[in-house]
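Trainee: The structure under discussion is supplied below as structure tokens; questions concerning it will follow.
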Amino acid sequence: GIAGLAVIGAGGLFVVRAVGMKHRERLRADLRGGARRLVDVLAVGGGTARGLVFATVGVFVIRAAVRFDPDEAKGLDDALRSLADAPAGPWLLTAVALGLTLFGGFAIAMARWQRM
């Protein structure tokens, strides 16, 4: 259960850092205009999606601990399969895919514009 709480906490931290625009501290000072806005959108959307996916995995770990069934602890792939089984599953998976794509774009942008 404690491990599940730690994973949820990490997911929450990712969301807080994304929404709080913490990435700006690491950007080059000369980055302006449209490029900065693009990085902001990628950071907030992608970081939030990443945090929510982590939190979902943490919930499954806690559920396994509460039910004393280690088979209920799920990794990322099983968590996404569980989302697919939900009534709005295809929409949820589409949202997760878009969010994680944003996070990938954010990682590329930071590789390009991060202060060295």
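We label chains A, B, ... in the order they appear in the structure tokens, count residues from 1 in each chain, and number ligands from 1 in the order shown.
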When DSSP works through the backbone of this structure, what residues of chain A end up as alpha helix (DSSP H), shown as a PyMOL selection string?
Mentor: chain A and resi 2-19+33-66+76-85+89-113
Trainee: Using only C-alpha atoms, which residues of region 44-72 of chain A come within 12 Å of region 7-21 of chain A, and what is the closest atom pair for each, with the distance in Å to one decimal? Give it as a Markdown table, sorted by chain and residue number.
Mentor:
| residue | atom | partner | partner_atom | distance |
| --- | --- | --- | --- | --- |
| A:Val44 | CA | A:Ala18 | CA | 4.7 |
| A:Gly45 | CA | A:Ala18 | CA | 7.8 |
| A:Gly46 | CA | A:Ala18 | CA | 7.9 |
| A:Gly47 | CA | A:Ala18 | CA | 5.0 |
| A:Thr48 | CA | A:Val15 | CA | 4.6 |
| A:Ala49 | CA | A:Val15 | CA | 7.8 |
| A:Arg50 | CA | A:Phe14 | CA | 7.0 |
| A:Gly51 | CA | A:Gly11 | CA | 3.8 |
| A:Leu52 | CA | A:Gly11 | CA | 6.0 |
| A:Val53 | CA | A:Gly11 | CA | 7.3 |
| A:Phe54 | CA | A:Gly11 | CA | 4.9 |
| A:Ala55 | CA | A:Ile8 | CA | 4.2 |
| A:Thr56 | CA | A:Ile8 | CA | 7.5 |
| A:Val57 | CA | A:Val7 | CA | 7.4 |
| A:Gly58 | CA | A:Val7 | CA | 4.9 |
| A:Val59 | CA | A:Ile8 | CA | 7.1 |
| A:Phe60 | CA | A:Ile8 | CA | 10.0 |
| A:Val61 | CA | A:Val7 | CA | 8.6 |
| A:Ile62 | CA | A:Ile8 | CA | 9.5 |
Trainee: From the list A:Thr101, A:Val39, A:Met110, A:Val96, which residue is nearest Leu83 (chain A) when using only C-alpha atoms?
Mentor: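 Counting only C-alpha atoms, the residue closest to Leu83 (chain A) is A:Val96.
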Trainee: State, in Å with one decimal place, the distance from CA of Asp77 (chain A) to CA of Leu93 (chain A).
Mentor: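 CA of Leu93 (chain A) lies 11.5 Å from CA of Asp77 (chain A).
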Trainee: Fewer than 6 positions away in the same chain doesn't count, so skip those; otherwise give me all residues within 9 Å of Arg26 (chain A), counting only C-alpha atoms, as a VMD selection string.
Mentor: chain A and resid 110 113 to 116
Trainee: From the options A:Arg67, A:Arg81, A:Arg112, A:Arg24, which residue's atoms come nearest to Ala43 (chain A), counting only C-alpha atoms?
Mentor: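 Of A:Arg67, A:Arg81, A:Arg112, A:Arg24, the one nearest Ala43 (chain A) is A:Arg24, counting only C-alpha atoms.
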Trainee: What does the distance between CA of Ala107 (chain A) and CA of Glu25 (chain A) come to in Å, to one decimal place?
Mentor: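 Atom-to-atom, CA of Ala107 (chain A) and CA of Glu25 (chain A) are spaced 14.9 Å apart.
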Trainee: When you count only C-alpha atoms, which of these residues is closest to Leu5 (chain A): A:Leu27, A:Pro70, A:Asp40, A:Arg63?
Mentor: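 For Leu5 (chain A), the nearest of the candidates is A:Arg63.
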Trainee: Nearest to Gly4 (chain A) among A:Lys22, A:Arg36, A:Gly75, A:Asp30, with distances taken over only C-alpha atoms: which residue is it?
Mentor: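 Nearest candidate to Gly4 (chain A) out of A:Lys22, A:Arg36, A:Gly75, A:Asp30: A:Gly75.
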